[in-house]
Number of protein chains: 2
Amino acid sequence: MTDPAKHLPSTFQRLGDGTAFVEQIYGMLDRIQLFEDFERAEIRLLGHFLEVYRVPHASEIIREGDAGDYMLLIIEGDVDVFKNDRDGQRKRIAVVGAGKTLGEMSMIDGEPRFSTCIAATEVTFGVLTRDSLSQIIAQQPMLGAKILMELVLMLSQRLRQTSDKLVNFLEQ
Amino acid sequence: MTDPAKHLPSTFQRLGDGTAFVEQIYGMLDRIQLFEDFERAEIRLLGHFLEVYRVPHASEIIREGDAGDYMLLIIEGDVDVFKNDRDGQRKRIAVVGAGKTLGEMSMIDGEPRFSTCIAATEVTFGVLTRDSLSQIIAQQPMLGAKILMELVLMLSQRLRQTSDKLVNFLEQ
């Protein structure tokens, strides 16, 4: 039922689809902004469209500038997020843990990866590809709309935070 | 069929629902990021869920900090966008014209308006409320998913641009 990611490193250890992780995902729902008002049945449905992987500490999960057609939901572990500034200096811009998502922007807009994500511990994560999201929208439009609504919410809040910071650097 | 906006100033001149503007909206489709791959039939469908208004030059359309449950699609005219920085200094952060949207963030996340929008000319715009969007999702899930997908795309691209600027101001 899942559509495999085209740009996922082959070294990632595949643990199966998300159906085996429904209870674990449901149990941390209060920490998952993407699914904050999801029912257990919806998580179960969604589980069929996720692939779950595990990588060891220090693995590069996403590389800035690469093509990428999937997003990640971190199920266990922490990930460091780095971004190169215009002088090519690598800066750590965030550390994200279980319940957080990574890579939504490229999954949605098809543009190159914005940042580099490196496993700060062993990390287990679910992968949702663009093709799987399209399948969800076609087969389960209400679930699709709900996921999209949550994505819009998440991006909107991140855009507020980022713009708030930026406006203080701008000249009058 | 439209759900009236709860927070729209009563001084705005109402021109009717969007069905009378379908051809005008369709004609500028290449300038509307929100509907870039919409068919005429979808714009016609959507027209029923839009209310169209006109305001004179210098009208305040949106005020930073206010509640707001709708977004705008500018059909004609230009709008200045201002934002207060943390010292309360008002800065013009953008000028937007026909085909552009305003106010999506509050429409979606229910948080206060992020910026102040003032008509730089006479402005005609369509209004889409949160309740109307919910109606579209319930009654026309595929159209709803398409609108949400375009919103996600738009926010994602804006977040990239904003984050790109911000990262250059950050310390290592």
# chains A, B, ... in the order shown; residues from 1 in each chain; ligands from 1
>>> interface_residues(of="chain B", to="chain A", cutoff="6 Å", atoms="only C-alpha atoms", output="mmCIF file with C-alpha atoms, in the first residue's frame")
data_model
loop_
_atom_site.group_PDB
_atom_site.id
_atom_site.type_symbol
_atom_site.label_atom_id
_atom_site.label_comp_id
_atom_site.auth_asym_id
_atom_site.auth_seq_id
_atom_site.Cartn_x
_atom_site.Cartn_y
_atom_site.Cartn_z
ATOM 1 C CA ASP B 85 9.012 44.847 15.245
ATOM 2 C CA LYS B 91 7.954 48.358 8.941
ATOM 3 C CA MET B 105 -2.109 32.024 8.531
ATOM 4 C CA ASP B 109 -4.390 28.542 12.767
ATOM 5 C CA PRO B 141 -13.255 16.726 -0.467
ATOM 6 C CA ALA B 145 -7.633 18.691 -0.639
ATOM 7 C CA LEU B 148 -5.077 22.659 1.155
ATOM 8 C CA VAL B 152 0.856 23.877 2.006
ATOM 9 C CA LEU B 153 2.931 24.572 -1.120
ATOM 10 C CA SER B 156 6.377 25.878 2.380
ATOM 11 C CA LEU B 159 9.019 29.367 4.918
ATOM 12 C CA LEU B 166 17.093 34.382 8.773
ATOM 13 C CA VAL B 167 19.927 31.855 8.745
ATOM 14 C CA ASN B 168 22.303 34.549 7.497
ATOM 15 C CA GLN B 172 27.358 30.097 14.510
#
>>> residues_around(residues="B:Val81", least_positions_apart="6", cutoff="12 Å", atoms="only C-alpha atoms", output="PyMOL selection string")
chain B and resi 58+60-64+90-97+101-103+113-120
>>> residues_around(residues="B:Leu128", least_positions_apart="6", cutoff="6 Å", atoms="only C-alpha atoms", output="PyMOL selection string")
chain B and resi 50+70-71
>>> write_last_selection(atoms="C-alpha atoms", output="compact mmCIF listing (two decimals), in the first residue's frame")
# COMPACT_ATOMS: atom_id res chain seq x y z
CA LEU B 50 -16.13 33.23 -1.83
CA TYR B 70 -10.70 34.57 6.76
CA MET B 71 -8.15 34.93 4.01
>>> closest_residue(among="B:Leu8, B:Ala98, B:Leu133, B:Ile43", to="B:Ala20", atoms="only C-alpha atoms")
B:Ile43
>>> select_by_dssp(residues="stretch 37-123 of chain A", states="strand (DSSP E or B)", output="PDB file with C-alpha atoms, in the first residue's frame")
ATOM      1  CA  GLU A  51       7.304   2.741   6.113  1.00  0.00           C
ATOM      2  CA  VAL A  52       9.337   2.547   9.310  1.00  0.00           C
ATOM      3  CA  TYR A  53      13.158   2.597   9.384  1.00  0.00           C
ATOM      4  CA  ARG A  54      15.935   2.585  11.975  1.00  0.00           C
ATOM      5  CA  VAL A  55      19.394   4.131  11.610  1.00  0.00           C
ATOM      6  CA  GLU A  60      22.974  11.232   7.732  1.00  0.00           C
ATOM      7  CA  ILE A  61      19.214  10.988   7.248  1.00  0.00           C
ATOM      8  CA  ILE A  62      18.696  13.984   4.956  1.00  0.00           C
ATOM      9  CA  TYR A  70       9.353  12.020   1.595  1.00  0.00           C
ATOM     10  CA  MET A  71       8.909  13.362   5.097  1.00  0.00           C
ATOM     11  CA  LEU A  72       9.832  11.681   8.362  1.00  0.00           C
ATOM     12  CA  LEU A  73       8.006  11.242  11.643  1.00  0.00           C
ATOM     13  CA  ILE A  74      10.523  10.560  14.429  1.00  0.00           C
ATOM     14  CA  ILE A  75       9.235   7.665  16.543  1.00  0.00           C
ATOM     15  CA  GLU A  76      12.299   7.269  18.782  1.00  0.00           C
ATOM     16  CA  VAL A  79      18.058  14.338  15.219  1.00  0.00           C
ATOM     17  CA  ASP A  80      20.384  17.345  14.769  1.00  0.00           C
ATOM     18  CA  VAL A  81      19.402  19.770  12.025  1.00  0.00           C
ATOM     19  CA  PHE A  82      22.111  21.757  10.239  1.00  0.00           C
ATOM     20  CA  LYS A  83      21.919  24.488   7.613  1.00  0.00           C
ATOM     21  CA  ASN A  84      24.670  26.118   5.571  1.00  0.00           C
ATOM     22  CA  ARG A  90      27.317  24.916   8.706  1.00  0.00           C
ATOM     23  CA  LYS A  91      25.092  25.984  11.601  1.00  0.00           C
ATOM     24  CA  ARG A  92      23.054  23.750  13.885  1.00  0.00           C
ATOM     25  CA  ILE A  93      19.582  25.264  13.731  1.00  0.00           C
ATOM     26  CA  ALA A  94      17.605  22.705  15.773  1.00  0.00           C
ATOM     27  CA  VAL A  95      17.538  19.395  17.647  1.00  0.00           C
ATOM     28  CA  VAL A  96      14.304  17.495  17.205  1.00  0.00           C
ATOM     29  CA  THR A 101       8.528  15.720  11.695  1.00  0.00           C
ATOM     30  CA  LEU A 102      11.296  16.487   9.212  1.00  0.00           C
ATOM     31  CA  THR A 116      20.953  18.390   6.727  1.00  0.00           C
ATOM     32  CA  CYS A 117      19.580  16.007   9.370  1.00  0.00           C
ATOM     33  CA  ILE A 118      21.946  13.743  11.305  1.00  0.00           C
ATOM     34  CA  ALA A 119      20.953  11.125  13.875  1.00  0.00           C
ATOM     35  CA  VAL A 123      16.701   6.878  15.486  1.00  0.00           C
TER      36      VAL A 123
END
>>> select_by_dssp(residues="stretch 12-73 of chain A", states="helix (DSSP H, G or I)", output="list in words")
Gly18, Thr19, Ala20, Phe21, Val22, Glu23, Gln24, Ile25, Tyr26, Gly27, Leu29, Asp30, Arg31, Gln33, Leu34, Phe35, Arg40, Ala41, Glu42, Ile43, Arg44, Leu45, Leu46 and Gly47 of chain A
>>> closest_residue(among="B:Gly68, B:Gly88, B:Pro56, B:Pro112", to="B:Thr124", atoms="only C-alpha atoms")
B:Pro56
>>> closest_residue(among="B:Asp78, B:His48, B:His7, B:Arg40", to="B:Gln24", atoms="only C-alpha atoms")
B:Arg40
>>> atom_distance(atom1="atom CA of A:Met28", atom2="atom CA of A:Asp69")
25.2 Å
>>> atom_distance(atom1="atom CA of A:Gly99", atom2="atom CA of B:Arg130")
26.9 Å
>>> residues_around(residues="A:Glu42", least_positions_apart="4", cutoff="10 Å", atoms="only C-alpha atoms", output="list of chain:residue names")
A:Val22, A:Tyr26, A:Phe35, A:Asp37, A:Phe38, A:Leu46, A:Gly47, A:Leu143, A:Lys146
>>> closest_residue(among="B:Lys100, B:Ser132, B:Ser59, B:Phe125", to="B:Ile32", atoms="only C-alpha atoms")
B:Lys100
>>> closest_residue(among="A:Glu122, A:Gly77, A:Phe21, A:Arg14", to="A:His57", atoms="only C-alpha atoms")
A:Glu122
